[in-house]
Each structure stands twice: as C-alpha cells, then as structure tokens.
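**Q** Contents of work-v9.cif (mmCIF, C-alpha atoms and all ligand atoms) are below:
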```cif
data_my_file
loop_
_atom_site.group_PDB
_atom_site.id
_atom_site.type_symbol
_atom_site.label_atom_id
_atom_site.label_comp_id
_atom_site.auth_asym_id
_atom_site.auth_seq_id
_atom_site.Cartn_x
_atom_site.Cartn_y
_atom_site.Cartn_z
ATOM 1 C CA MET A 297 78.041 -125.990 10.571
ATOM 2 C CA SER A 298 74.599 -127.325 10.061
ATOM 3 C CA GLU A 299 71.291 -128.347 11.509
ATOM 4 C CA LYS A 300 71.445 -130.743 14.437
ATOM 5 C CA ARG A 301 70.355 -133.844 12.490
ATOM 6 C CA LEU A 302 69.891 -137.168 14.191
ATOM 7 C CA ALA A 303 72.710 -139.638 13.638
ATOM 8 C CA ILE A 304 72.447 -143.374 14.345
ATOM 9 C CA VAL A 305 75.630 -145.365 14.904
ATOM 10 C CA THR A 306 75.244 -149.145 15.157
ATOM 11 C CA GLY A 307 77.810 -150.894 17.348
ATOM 12 C CA GLY A 308 78.341 -147.442 18.855
ATOM 13 C CA ALA A 309 79.369 -148.465 22.369
ATOM 14 C CA ARG A 310 82.896 -149.648 21.748
ATOM 15 C CA GLY A 311 85.872 -149.422 19.405
ATOM 16 C CA ILE A 312 85.445 -147.561 16.145
ATOM 17 C CA GLY A 313 81.730 -146.986 16.815
ATOM 18 C CA ARG A 314 82.460 -145.164 20.058
ATOM 19 C CA ALA A 315 84.984 -142.896 18.338
ATOM 20 C CA ILE A 316 82.385 -142.110 15.656
ATOM 21 C CA VAL A 317 79.770 -141.275 18.311
ATOM 22 C CA LEU A 318 82.172 -138.881 20.050
ATOM 23 C CA GLU A 319 83.261 -137.240 16.792
ATOM 24 C CA LEU A 320 79.679 -136.659 15.617
ATOM 25 C CA LEU A 321 78.696 -135.266 19.026
ATOM 26 C CA GLY A 322 81.660 -132.903 18.760
ATOM 27 C CA GLN A 323 80.267 -131.737 15.434
ATOM 28 C CA GLY A 324 76.978 -130.815 17.087
ATOM 29 C CA ARG A 325 74.970 -133.819 15.956
ATOM 30 C CA GLU A 326 72.352 -135.519 18.085
ATOM 31 C CA VAL A 327 73.552 -139.115 18.280
ATOM 32 C CA VAL A 328 71.951 -142.496 18.962
ATOM 33 C CA ALA A 329 74.360 -145.305 19.831
ATOM 34 C CA MET A 330 72.920 -148.772 19.254
ATOM 35 C CA ASP A 331 74.631 -151.804 20.711
ATOM 36 C CA ILE A 332 73.892 -155.286 21.890
ATOM 37 C CA LEU A 333 74.973 -155.219 25.568
ATOM 38 C CA PRO A 334 73.904 -152.763 28.283
ATOM 39 C CA GLU A 335 77.253 -152.430 30.108
ATOM 40 C CA PRO A 336 79.308 -150.985 27.211
ATOM 41 C CA LEU A 337 76.435 -148.562 26.538
ATOM 42 C CA GLU A 338 76.482 -147.441 30.191
ATOM 43 C CA GLU A 339 80.247 -146.983 29.940
ATOM 44 C CA LEU A 340 79.729 -144.943 26.776
ATOM 45 C CA GLN A 341 77.200 -142.747 28.620
ATOM 46 C CA ASN A 342 79.877 -141.975 31.224
ATOM 47 C CA VAL A 343 82.567 -141.213 28.652
ATOM 48 C CA VAL A 344 80.193 -138.959 26.718
ATOM 49 C CA LYS A 345 79.123 -137.182 29.915
ATOM 50 C CA GLU A 346 82.759 -136.550 30.841
ATOM 51 C CA ALA A 347 83.265 -135.010 27.400
ATOM 52 C CA GLY A 348 80.353 -132.641 28.118
ATOM 53 C CA PHE A 349 77.741 -134.190 25.798
ATOM 54 C CA THR A 350 74.734 -136.474 26.001
ATOM 55 C CA VAL A 351 73.990 -139.491 23.853
ATOM 56 C CA ILE A 352 70.815 -141.505 23.303
ATOM 57 C CA THR A 353 71.429 -145.231 23.722
ATOM 58 C CA LYS A 354 69.423 -148.146 22.383
ATOM 59 C CA CYS A 355 70.279 -151.642 23.562
ATOM 60 C CA LEU A 356 69.329 -154.148 20.889
ATOM 61 C CA ASP A 357 70.591 -156.965 18.752
ATOM 62 C CA ILE A 358 70.504 -155.523 15.231
ATOM 63 C CA THR A 359 69.866 -158.976 13.781
ATOM 64 C CA ASP A 360 66.408 -158.723 15.365
ATOM 65 C CA THR A 361 65.267 -156.930 12.246
ATOM 66 C CA GLU A 362 61.746 -156.228 13.531
ATOM 67 C CA LYS A 363 63.140 -154.504 16.633
ATOM 68 C CA LEU A 364 65.747 -152.676 14.547
ATOM 69 C CA THR A 365 63.150 -151.388 12.108
ATOM 70 C CA SER A 366 60.657 -150.341 14.786
ATOM 71 C CA THR A 367 63.368 -148.609 16.843
ATOM 72 C CA ILE A 368 64.501 -146.586 13.831
ATOM 73 C CA ALA A 369 60.876 -145.758 12.950
ATOM 74 C CA GLU A 370 60.247 -144.505 16.503
ATOM 75 C CA LEU A 371 63.427 -142.404 16.454
ATOM 76 C CA ALA A 372 62.463 -140.904 13.099
ATOM 77 C CA LYS A 373 59.020 -140.020 14.466
ATOM 78 C CA GLU A 374 60.370 -138.472 17.676
ATOM 79 C CA HIS A 375 63.169 -136.506 16.004
ATOM 80 C CA GLY A 376 61.642 -135.493 12.677
ATOM 81 C CA GLY A 377 63.685 -137.998 10.684
ATOM 82 C CA ILE A 378 67.035 -139.723 10.524
ATOM 83 C CA GLY A 379 69.786 -137.549 9.067
ATOM 84 C CA ILE A 380 72.817 -139.803 9.326
ATOM 85 C CA LEU A 381 73.134 -143.576 9.512
ATOM 86 C CA VAL A 382 76.471 -145.206 10.211
ATOM 87 C CA ASN A 383 76.320 -148.980 9.770
ATOM 88 C CA ASN A 384 79.305 -149.832 11.922
ATOM 89 C CA ALA A 385 78.415 -152.948 13.953
ATOM 90 C CA GLY A 386 80.350 -155.931 12.725
ATOM 91 C CA ILE A 387 81.594 -159.343 13.780
ATOM 92 C CA THR A 388 84.134 -161.864 12.534
ATOM 93 C CA ARG A 389 83.963 -165.668 12.535
ATOM 94 C CA ASP A 390 87.245 -166.334 10.743
ATOM 95 C CA LYS A 391 88.016 -169.812 9.467
ATOM 96 C CA LEU A 392 89.644 -171.238 6.399
ATOM 97 C CA MET A 393 87.177 -171.910 3.618
ATOM 98 C CA MET A 394 87.276 -175.695 4.045
ATOM 99 C CA GLN A 395 86.455 -175.398 7.758
ATOM 100 C CA MET A 396 83.821 -172.693 7.543
ATOM 101 C CA ASP A 397 80.274 -173.941 7.922
ATOM 102 C CA ALA A 398 77.022 -172.356 6.840
ATOM 103 C CA SER A 399 76.290 -170.970 10.318
ATOM 104 C CA ASP A 400 79.640 -169.093 10.332
ATOM 105 C CA PHE A 401 78.625 -167.573 7.024
ATOM 106 C CA ASP A 402 75.038 -166.760 8.012
ATOM 107 C CA SER A 403 75.861 -165.131 11.353
ATOM 108 C CA VAL A 404 78.429 -162.771 9.823
ATOM 109 C CA ILE A 405 76.168 -161.884 6.901
ATOM 110 C CA SER A 406 73.213 -161.222 9.188
ATOM 111 C CA VAL A 407 75.072 -158.767 11.480
ATOM 112 C CA ASN A 408 77.400 -157.135 8.966
ATOM 113 C CA LEU A 409 75.225 -156.965 5.867
ATOM 114 C CA LYS A 410 71.557 -157.791 6.376
ATOM 115 C CA ALA A 411 71.137 -155.554 9.438
ATOM 116 C CA ALA A 412 72.789 -152.688 7.531
ATOM 117 C CA PHE A 413 70.406 -153.221 4.628
ATOM 118 C CA MET A 414 67.421 -153.190 7.013
ATOM 119 C CA ALA A 415 68.665 -150.080 8.831
ATOM 120 C CA ILE A 416 69.070 -148.227 5.530
ATOM 121 C CA GLN A 417 65.588 -149.232 4.443
ATOM 122 C CA ALA A 418 64.129 -148.053 7.756
ATOM 123 C CA SER A 419 65.940 -144.694 7.590
ATOM 124 C CA LEU A 420 65.546 -143.899 3.924
ATOM 125 C CA ARG A 421 61.930 -142.706 3.847
ATOM 126 C CA SER A 422 62.575 -139.813 6.254
ATOM 127 C CA MET A 423 65.871 -138.976 4.509
ATOM 128 C CA ILE A 424 64.073 -138.699 1.174
ATOM 129 C CA ARG A 425 61.256 -136.680 2.728
ATOM 130 C CA ASN A 426 63.697 -134.261 4.377
ATOM 131 C CA LYS A 427 65.944 -134.133 1.298
ATOM 132 C CA PHE A 428 68.962 -134.912 3.434
ATOM 133 C CA GLY A 429 70.664 -138.182 4.212
ATOM 134 C CA ARG A 430 74.189 -139.399 4.803
ATOM 135 C CA ILE A 431 74.602 -143.174 4.877
ATOM 136 C CA ILE A 432 78.025 -144.538 5.737
ATOM 137 C CA ASN A 433 78.711 -148.262 5.702
ATOM 138 C CA ILE A 434 81.811 -149.353 7.561
ATOM 139 C CA SER A 435 83.224 -151.882 5.130
ATOM 140 C CA SER A 436 86.808 -153.149 5.290
ATOM 141 C CA VAL A 437 89.871 -153.574 3.126
ATOM 142 C CA ALA A 438 88.885 -157.264 3.343
ATOM 143 C CA GLY A 439 85.828 -156.375 1.259
ATOM 144 C CA VAL A 440 88.027 -154.651 -1.308
ATOM 145 C CA MET A 441 90.996 -157.049 -1.470
ATOM 146 C CA GLY A 442 89.656 -160.284 0.017
ATOM 147 C CA GLN A 443 91.309 -161.897 3.018
ATOM 148 C CA ALA A 444 92.411 -165.487 3.578
ATOM 149 C CA GLY A 445 90.392 -167.041 6.392
ATOM 150 C CA SER A 446 87.576 -164.496 6.059
ATOM 151 C CA ALA A 447 85.408 -165.493 3.103
ATOM 152 C CA ASN A 448 82.258 -164.784 5.151
ATOM 153 C CA TYR A 449 83.507 -161.437 6.487
ATOM 154 C CA SER A 450 84.930 -160.334 3.117
ATOM 155 C CA ALA A 451 81.638 -161.212 1.401
ATOM 156 C CA SER A 452 79.702 -159.148 3.951
ATOM 157 C CA LYS A 453 82.040 -156.179 3.565
ATOM 158 C CA ALA A 454 81.992 -156.349 -0.259
ATOM 159 C CA GLY A 455 78.201 -156.571 0.015
ATOM 160 C CA LEU A 456 78.100 -153.307 1.941
ATOM 161 C CA ILE A 457 79.899 -151.649 -0.966
ATOM 162 C CA GLY A 458 77.314 -152.998 -3.420
ATOM 163 C CA VAL A 459 74.451 -151.793 -1.247
ATOM 164 C CA ALA A 460 75.950 -148.300 -0.842
ATOM 165 C CA LYS A 461 76.600 -147.890 -4.571
ATOM 166 C CA SER A 462 73.073 -149.038 -5.424
ATOM 167 C CA VAL A 463 71.458 -146.722 -2.855
ATOM 168 C CA ALA A 464 73.661 -143.873 -4.109
ATOM 169 C CA ARG A 465 72.261 -144.377 -7.601
ATOM 170 C CA GLU A 466 68.663 -144.646 -6.362
ATOM 171 C CA VAL A 467 68.456 -141.587 -4.132
ATOM 172 C CA GLY A 468 71.232 -139.232 -5.202
ATOM 173 C CA LYS A 469 68.775 -136.685 -6.536
ATOM 174 C CA LYS A 470 67.183 -136.426 -3.082
ATOM 175 C CA ASN A 471 70.432 -135.184 -1.484
ATOM 176 C CA VAL A 472 70.908 -138.581 0.130
ATOM 177 C CA THR A 473 74.440 -139.922 -0.230
ATOM 178 C CA ALA A 474 75.711 -143.424 0.503
ATOM 179 C CA ASN A 475 79.405 -144.150 0.889
ATOM 180 C CA CYS A 476 81.694 -146.731 2.452
ATOM 181 C CA ILE A 477 84.724 -146.366 4.630
ATOM 182 C CA ALA A 478 87.061 -149.342 4.324
ATOM 183 C CA PRO A 479 89.309 -149.428 7.385
ATOM 184 C CA GLY A 480 92.583 -151.291 7.334
ATOM 185 C CA PHE A 481 93.980 -152.599 10.634
ATOM 186 C CA ILE A 482 92.637 -150.454 13.461
ATOM 187 C CA GLU A 483 93.554 -150.868 17.142
ATOM 188 C CA THR A 484 90.349 -152.221 18.735
ATOM 189 C CA ASP A 485 89.214 -155.386 20.523
ATOM 190 C CA MET A 486 88.593 -156.908 17.077
ATOM 191 C CA THR A 487 92.293 -156.767 16.192
ATOM 192 C CA LYS A 488 93.612 -157.247 19.753
ATOM 193 C CA ILE A 489 92.887 -160.982 19.446
ATOM 194 C CA LEU A 490 95.112 -161.430 16.380
ATOM 195 C CA PRO A 491 98.303 -163.407 17.049
ATOM 196 C CA GLN A 492 101.432 -161.232 17.231
ATOM 197 C CA PRO A 493 103.049 -162.789 14.098
ATOM 198 C CA VAL A 494 99.901 -161.879 12.113
ATOM 199 C CA LYS A 495 100.082 -158.291 13.416
ATOM 200 C CA ASP A 496 103.793 -158.046 12.568
ATOM 201 C CA ALA A 497 103.206 -159.382 9.050
ATOM 202 C CA ALA A 498 100.321 -156.955 8.540
ATOM 203 C CA LYS A 499 102.481 -153.972 9.486
ATOM 204 C CA GLN A 500 104.977 -154.969 6.809
ATOM 205 C CA VAL A 501 102.384 -154.442 4.064
ATOM 206 C CA ILE A 502 101.045 -151.147 5.421
ATOM 207 C CA PRO A 503 102.987 -148.258 3.847
ATOM 208 C CA VAL A 504 102.712 -146.141 7.032
ATOM 209 C CA LYS A 505 103.968 -149.190 9.036
ATOM 210 C CA ARG A 506 101.463 -149.013 11.867
ATOM 211 C CA PHE A 507 97.857 -149.779 12.738
ATOM 212 C CA GLY A 508 95.355 -146.943 12.753
ATOM 213 C CA ALA A 509 93.304 -145.578 15.655
ATOM 214 C CA PRO A 510 89.492 -145.586 15.882
ATOM 215 C CA GLU A 511 89.642 -141.795 15.621
ATOM 216 C CA ASP A 512 91.201 -142.086 12.130
ATOM 217 C CA ILE A 513 87.977 -143.741 10.978
ATOM 218 C CA ALA A 514 85.754 -141.367 12.948
ATOM 219 C CA LYS A 515 87.287 -138.280 11.260
ATOM 220 C CA ALA A 516 86.638 -139.731 7.806
ATOM 221 C CA VAL A 517 83.050 -140.633 8.735
ATOM 222 C CA ALA A 518 82.423 -137.157 10.115
ATOM 223 C CA PHE A 519 83.703 -135.609 6.877
ATOM 224 C CA LEU A 520 81.342 -137.681 4.724
ATOM 225 C CA THR A 521 78.362 -136.807 6.942
ATOM 226 C CA ARG A 522 78.803 -133.055 6.576
ATOM 227 C CA ASP A 523 76.062 -131.069 4.904
ATOM 228 C CA ASP A 524 78.621 -129.804 2.362
ATOM 229 C CA ALA A 525 79.815 -133.322 1.397
ATOM 230 C CA GLY A 526 76.742 -133.835 -0.781
ATOM 231 C CA TYR A 527 78.708 -134.292 -4.015
ATOM 232 C CA ILE A 528 80.532 -137.367 -2.710
ATOM 233 C CA THR A 529 78.459 -140.501 -3.143
ATOM 234 C CA GLY A 530 78.908 -144.163 -4.061
ATOM 235 C CA GLN A 531 82.545 -144.038 -2.981
ATOM 236 C CA VAL A 532 84.773 -146.348 -0.991
ATOM 237 C CA LEU A 533 87.320 -144.486 1.077
ATOM 238 C CA CYS A 534 90.094 -146.766 2.315
ATOM 239 C CA VAL A 535 91.419 -145.485 5.629
ATOM 240 C CA ASP A 536 94.193 -148.012 5.878
ATOM 241 C CA GLY A 537 97.619 -146.406 5.887
ATOM 242 C CA GLY A 538 97.859 -147.118 2.157
ATOM 243 C CA MET A 539 97.429 -150.884 2.489
ATOM 244 C CA ALA A 540 94.826 -151.478 -0.238
ATOM 245 C CA MET A 541 96.006 -149.045 -2.922
HETATM 246 P P1 LIG B 1 84.383 -154.038 17.983
HETATM 247 O O1 LIG B 1 84.171 -155.504 18.069
HETATM 248 O O2 LIG B 1 85.368 -153.386 18.887
HETATM 249 O O3 LIG B 1 82.984 -153.268 18.133
HETATM 250 C C1 LIG B 1 81.855 -153.666 17.418
HETATM 251 C C2 LIG B 1 80.625 -153.306 18.207
HETATM 252 O O4 LIG B 1 79.466 -153.805 17.508
HETATM 253 C C3 LIG B 1 80.648 -153.973 19.580
HETATM 254 O O5 LIG B 1 80.207 -153.072 20.579
HETATM 255 C C4 LIG B 1 79.693 -155.129 19.386
HETATM 256 O O6 LIG B 1 79.100 -155.610 20.571
HETATM 257 C C5 LIG B 1 78.667 -154.498 18.456
HETATM 258 N N1 LIG B 1 77.829 -155.529 17.866
HETATM 259 C C6 LIG B 1 78.214 -156.734 17.375
HETATM 260 N N2 LIG B 1 77.152 -157.459 17.002
HETATM 261 C C7 LIG B 1 76.062 -156.693 17.247
HETATM 262 C C8 LIG B 1 74.670 -156.900 17.089
HETATM 263 N N3 LIG B 1 74.176 -158.048 16.595
HETATM 264 N N4 LIG B 1 73.820 -155.909 17.450
HETATM 265 C C9 LIG B 1 74.286 -154.752 17.966
HETATM 266 N N5 LIG B 1 75.607 -154.502 18.148
HETATM 267 C C10 LIG B 1 76.487 -155.466 17.798
HETATM 268 O O7 LIG B 1 84.744 -153.765 16.453
HETATM 269 P P2 LIG B 1 85.555 -152.557 15.792
HETATM 270 O O8 LIG B 1 85.265 -151.295 16.483
HETATM 271 O O9 LIG B 1 86.950 -153.003 15.600
HETATM 272 O O10 LIG B 1 84.873 -152.563 14.334
HETATM 273 C C11 LIG B 1 83.823 -151.694 13.973
HETATM 274 C C12 LIG B 1 83.505 -151.936 12.502
HETATM 275 O O11 LIG B 1 84.686 -151.680 11.729
HETATM 276 C C13 LIG B 1 83.091 -153.371 12.186
HETATM 277 O O12 LIG B 1 82.096 -153.396 11.213
HETATM 278 C C14 LIG B 1 84.354 -153.978 11.639
HETATM 279 O O13 LIG B 1 84.094 -155.054 10.773
HETATM 280 C C15 LIG B 1 84.956 -152.800 10.912
HETATM 281 N N6 LIG B 1 86.386 -152.931 10.686
HETATM 282 C C16 LIG B 1 87.252 -152.989 11.753
HETATM 283 C C17 LIG B 1 88.603 -153.115 11.528
HETATM 284 C C18 LIG B 1 89.594 -153.165 12.637
HETATM 285 O O14 LIG B 1 90.769 -153.316 12.341
HETATM 286 N N7 LIG B 1 89.220 -153.020 13.890
HETATM 287 C C19 LIG B 1 89.132 -153.218 10.161
HETATM 288 C C20 LIG B 1 88.143 -153.122 9.137
HETATM 289 C C21 LIG B 1 86.820 -152.979 9.408
HETATM 290 P P3 LIG B 1 79.858 -156.734 21.498
HETATM 291 O O15 LIG B 1 81.152 -157.056 20.868
HETATM 292 O O16 LIG B 1 79.978 -156.072 22.830
HETATM 293 O O17 LIG B 1 78.971 -157.925 21.524
#
```
Written as structure tokens, how would this file's structure read?
Ligand code: NDP
**A**
Amino acid sequence: MSEKRLAIVTGGARGIGRAIVLELLGQGREVVAMDILPEPLEELQNVVKEAGFTVITKCLDITDTEKLTSTIAELAKEHGGIGILVNNAGITRDKLMMQMDASDFDSVISVNLKAAFMAIQASLRSMIRNKFGRIINISSVAGVMGQAGSANYSASKAGLIGVAKSVAREVGKKNVTANCIAPGFIETDMTKILPQPVKDAAKQVIPVKRFGAPEDIAKAVAFLTRDDAGYITGQVLCVDGGMAM
C-alpha cells in the first residue's frame, strides 16, 4: 500500500488503542505503542508476537509533557520522522457538575487534551518536512453531543475536535491531515464499569442497538491514515452505531 511510516498510538496497550496498534501493524506500518504501565505493554508485546508482528513500546505518562516531547523527538530522529499520530489515551472522572472539582477537570484535560496537543506539536515538524502526516484524535460522541456527568470529559473531547480542525487548516498544503474519530459506546474497560441500567438505556438510543467493538474504531482509524486518504481532513467521523446523527 505505502511506505512503512512510523505510527505512534498513545494509550496503545489496552482497549481501543490495542486494536488500533494491531490494525496498523496489519497494514504494514511500524508502530509505537505508548502507555503508562509496563504490564499491559508487556501483554501487548505477547499479543503482537502471536499475531506475527513486532511493536515498539514506550512506557510513559503522557502528562509528563517533557518526557512525551523528548520521546517523540527521539523516535522521529531514529525513524526519519513520524508519519502517523493517533491520540487515543483518555481517562474519565465523571461527576455531576455541582460535585466536580477543579482537579477532576484538570486531570482529564491534561491527559485527554493537553497531551494530545503536545504530541501533535512534537510530531508536526517531521510531518511537514516529509510532506506526509496523518493525525487522528480519538474524540467521543460526548464531545459532539455533550454528556450529563461528564463536563470535563466532554470539554476535552470537544477540544480535540477544535485542535484537529485548526491543525488541518494550518498544514493541509503539506499533505498533513488531522481528523477525529468520535466513538460511541465501545466494549472496553472504560465502559465495563458503567452500571447495567446505564448500559441498557444507552442501547435504546443507538440505532444498531448494541455497543461497538474496539476493532470498529481501529478500522476507521486505519482508513484515515492511508496514504490515499489525503483529501479527508478536519473531519469528525462518528463511529457510534448511529447514536449521534
Ligand atoms: P481504556 O481505559 O481501555 O484504555 C486507555 C489506555 O490509555 C489505557 O491503557 C490507559 O492506561 C492509557 N492511559 C491513560 N492515561 C494515560 C497517561 N497519562 N499516559 C499514558 N497512557 C495513559 O480506554 P478505551 O480503550 O475505552 O478508550 C480509548 C480512547 O477512546 C479514549 O480516549 C476514550 O476517551 C475514547 N473513547 C472510548 C469510548 C468507549 O466507549 N470505550 C467511547 C468514546 C471515546 P491505564 O488505564 O492502564 O492506566
């Protein structure tokens, strides 16, 4: 399909991130999975090995912006640039607005939005130089529609859309695209913790009447990262069973 191109996936060890790593490896990309804990990264190494591939892993907290920036700079130097950046790592600290304190807001913004901003900044120079870049922010339908109990999370996910659209306008002429995927309810540890009545109610408002799989998101990401997807930029693709239309 294309040149090998180095792809970075934040939060790549588990859930949606892991599915994205596997999908991009299957497409012949060289992939770096970044995540915060060593054990899930070791587990990922085993899964990837079983699938017949190899993956580069980097264990770091992406809110350590100095470490994040220097790690991306080193990778760009070693591999001749960053081709693909998938800002996938995300956390929730859900509370109703009246109970949410500033630290709940700050922690979600710093993982979900600020780290993505820093990772884009660190990757962009080599993308511009190489006249190729595919930036995908994993937003959420919560960033498109809002979500009760998630003002912090929804703000971070709407922010990712604003960042992607702005970057798309800045660097489009350099063959660097920036898009968002907005997943609906996807079966991962993040949604496993939801109470059953919440899950049942959610399914009622999803036209396809079920939650999605991490692979549903990974396929959409892989499509947007293709060399021949260069005319799609600044978009938000809801992969949500029709929930947010
Ligand atoms: P998971 O919680 O299963 O995986 C997220 C990964 O990101 C984990 O491995 C987590 O590490 C890692 N991570 C969290 N904080 C950091 C950090 N500071 N530095 C490095 N890595 C970190 O989430 P999902 O796979 O469900 O979600 C992936 C993305 O998709 C998120 O951005 C989420 O908001 C978004 N999304 C998910 C939906 C869903 O229904 N699942 C719906 C809409 C959007 P660990 O947990 O081990 O500490």
**Q** Pull out every residue that the PyMOL selection byres (((chain A and resi 383-393) around 7) and not hetatm) matches in the shown coordinates and put them as a list in words.
**A**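 So the PyMOL selection byres (((chain A and resi 383-393) around 7) and not hetatm), applied here, picks out Val305, Thr306, Gly307, Gly313, Leu381, Val382, Met394, Gln395, Met396, Asp400, Val404, Val407, Asn408, Ala412, Ile432, Asn433, Ile434, Ala444, Gly445, Ser446, Ala447 and Tyr449 of chain A.
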**Q** Counting all atoms listed in the file, what residues are within 7 Å of ligand LIG 1 (chain B), given as a ChimeraX atom specification?
**A** /A:306-313,330-333,336,356-359,384-387,407-408,434-437,478-487
**Q** Taking the file above as input, evaluate the PyMOL selection byres (((chain A and resi 454-469) around 7) and not hetatm) and report the hits as a PyMOL selection string.
**A** chain A and resi 409+433+435+439-440+450-453+470-476+529-530
**Q** Apply the PyMOL selection byres (((chain A and resi 501) around 12) and not hetatm) to the file shown and report the selected residues as a VMD selection string.
**A** chain A and resid 480 to 481 494 to 500 502 to 507 536 to 541
**Q** Of the residues A:Ile528, A:Ala411, A:Leu490, A:Leu302, which is the one nearest to Glu362 (chain A), using all atoms listed in the file?
**A**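 Smallest separation from Glu362 (chain A) among the options: A:Ala411.
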**Q** Point out the residue among A:Ser406, A:Met414, A:Leu364, A:Ala347 with the least atom-to-atom distance to Asn448 (chain A), counting only C-alpha atoms.
**A**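 Counting only C-alpha atoms, the residue closest to Asn448 (chain A) is A:Ser406.
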**Q** In Å, how far is it from CA of Thr350 (chain A) to CA of Val328 (chain A)?
**A**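 CA of Val328 (chain A) lies at a distance of 9.7 Å from CA of Thr350 (chain A).
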**Q** Find, counting all atoms listed in the file, the residue in A:Ile489, A:Ala303, A:Ile477, A:Ile431 that gets nearest to Leu533 (chain A).
**A** A:Ile477
**Q** Please give the centre and size of the box around region 306-324 of chain A (axis-aligned, containing every atom listed in the file, 8 Å added per side), with values in Å to one decimal and written as lines of an AutoDock Vina configuration file.
**A**
```
center_x = 80.6
center_y = -140.9
center_z = 18.8
size_x = 26.6
size_y = 36.1
size_z = 23.2
```
**Q** When you draw a straight line from CA of Asp360 (chain A) to CA of Ile304 (chain A), how long is it in Å?
**A**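 These atoms are spaced 16.5 Å apart.
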**Q** Let me make sure I understand: among A:Ala516, A:Ile368, A:Ala329, A:Val343, which one has the smallest atom-to-atom distance to Cys355 (chain A) if we use all atoms listed in the file?
**A**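 Result for the nearest residue to Cys355 (chain A): A:Ala329.
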**Q** For region 477-484 of chain A, which lacks atoms in the input, supply all heavy atoms and format the output as a PDB file, in the frame of the given file.
**A**
```pdb
ATOM      1  N   ILE A 477      83.352-146.510   4.146  1.00  0.00           N
ATOM      2  CA  ILE A 477      84.724-146.366   4.630  1.00  0.00           C
ATOM      3  C   ILE A 477      85.255-147.798   4.736  1.00  0.00           C
ATOM      4  O   ILE A 477      84.584-148.676   5.303  1.00  0.00           O
ATOM      5  CB  ILE A 477      84.777-145.728   6.031  1.00  0.00           C
ATOM      6  CG1 ILE A 477      84.076-144.370   6.075  1.00  0.00           C
ATOM      7  CG2 ILE A 477      86.215-145.650   6.540  1.00  0.00           C
ATOM      8  CD1 ILE A 477      84.874-143.210   5.651  1.00  0.00           C
ATOM      9  N   ALA A 478      86.439-148.021   4.204  1.00  0.00           N
ATOM     10  CA  ALA A 478      87.061-149.342   4.324  1.00  0.00           C
ATOM     11  C   ALA A 478      88.303-149.217   5.215  1.00  0.00           C
ATOM     12  O   ALA A 478      89.383-148.849   4.735  1.00  0.00           O
ATOM     13  CB  ALA A 478      87.438-149.879   2.942  1.00  0.00           C
ATOM     14  N   PRO A 479      88.131-149.513   6.508  1.00  0.00           N
ATOM     15  CA  PRO A 479      89.309-149.428   7.385  1.00  0.00           C
ATOM     16  C   PRO A 479      90.290-150.557   7.082  1.00  0.00           C
ATOM     17  O   PRO A 479      89.902-151.648   6.664  1.00  0.00           O
ATOM     18  CB  PRO A 479      88.727-149.613   8.796  1.00  0.00           C
ATOM     19  CG  PRO A 479      87.248-149.434   8.676  1.00  0.00           C
ATOM     20  CD  PRO A 479      86.909-149.847   7.265  1.00  0.00           C
ATOM     21  N   GLY A 480      91.565-150.241   7.315  1.00  0.00           N
ATOM     22  CA  GLY A 480      92.583-151.291   7.334  1.00  0.00           C
ATOM     23  C   GLY A 480      92.651-151.829   8.754  1.00  0.00           C
ATOM     24  O   GLY A 480      91.613-151.984   9.413  1.00  0.00           O
ATOM     25  N   PHE A 481      93.846-152.101   9.254  1.00  0.00           N
ATOM     26  CA  PHE A 481      93.980-152.599  10.634  1.00  0.00           C
ATOM     27  C   PHE A 481      93.870-151.428  11.606  1.00  0.00           C
ATOM     28  O   PHE A 481      94.675-150.498  11.567  1.00  0.00           O
ATOM     29  CB  PHE A 481      95.331-153.298  10.815  1.00  0.00           C
ATOM     30  CG  PHE A 481      95.367-154.671  10.197  1.00  0.00           C
ATOM     31  CD1 PHE A 481      95.802-154.855   8.884  1.00  0.00           C
ATOM     32  CD2 PHE A 481      94.962-155.785  10.922  1.00  0.00           C
ATOM     33  CE1 PHE A 481      95.832-156.114   8.313  1.00  0.00           C
ATOM     34  CE2 PHE A 481      94.985-157.057  10.350  1.00  0.00           C
ATOM     35  CZ  PHE A 481      95.421-157.214   9.046  1.00  0.00           C
ATOM     36  N   ILE A 482      92.872-151.507  12.478  1.00  0.00           N
ATOM     37  CA  ILE A 482      92.637-150.454  13.461  1.00  0.00           C
ATOM     38  C   ILE A 482      92.733-151.076  14.852  1.00  0.00           C
ATOM     39  O   ILE A 482      92.239-152.188  15.078  1.00  0.00           O
ATOM     40  CB  ILE A 482      91.223-149.821  13.262  1.00  0.00           C
ATOM     41  CG1 ILE A 482      91.024-149.341  11.805  1.00  0.00           C
ATOM     42  CG2 ILE A 482      90.984-148.694  14.262  1.00  0.00           C
ATOM     43  CD1 ILE A 482      91.940-148.247  11.330  1.00  0.00           C
ATOM     44  N   GLU A 483      93.364-150.344  15.774  1.00  0.00           N
ATOM     45  CA  GLU A 483      93.554-150.868  17.142  1.00  0.00           C
ATOM     46  C   GLU A 483      92.235-150.887  17.904  1.00  0.00           C
ATOM     47  O   GLU A 483      91.804-149.863  18.439  1.00  0.00           O
ATOM     48  CB  GLU A 483      94.526-149.957  17.922  1.00  0.00           C
ATOM     49  CG  GLU A 483      95.874-149.765  17.289  1.00  0.00           C
ATOM     50  CD  GLU A 483      96.920-150.755  17.805  1.00  0.00           C
ATOM     51  OE1 GLU A 483      96.527-151.750  18.447  1.00  0.00           O
ATOM     52  OE2 GLU A 483      98.105-150.522  17.537  1.00  0.00           O
ATOM     53  N   THR A 484      91.569-152.040  17.934  1.00  0.00           N
ATOM     54  CA  THR A 484      90.349-152.221  18.735  1.00  0.00           C
ATOM     55  C   THR A 484      90.357-153.653  19.259  1.00  0.00           C
ATOM     56  O   THR A 484      91.261-154.437  18.936  1.00  0.00           O
ATOM     57  CB  THR A 484      89.058-152.042  17.891  1.00  0.00           C
ATOM     58  OG1 THR A 484      88.972-153.117  16.958  1.00  0.00           O
ATOM     59  CG2 THR A 484      89.002-150.717  17.166  1.00  0.00           C
TER      60      THR A 484
END
```
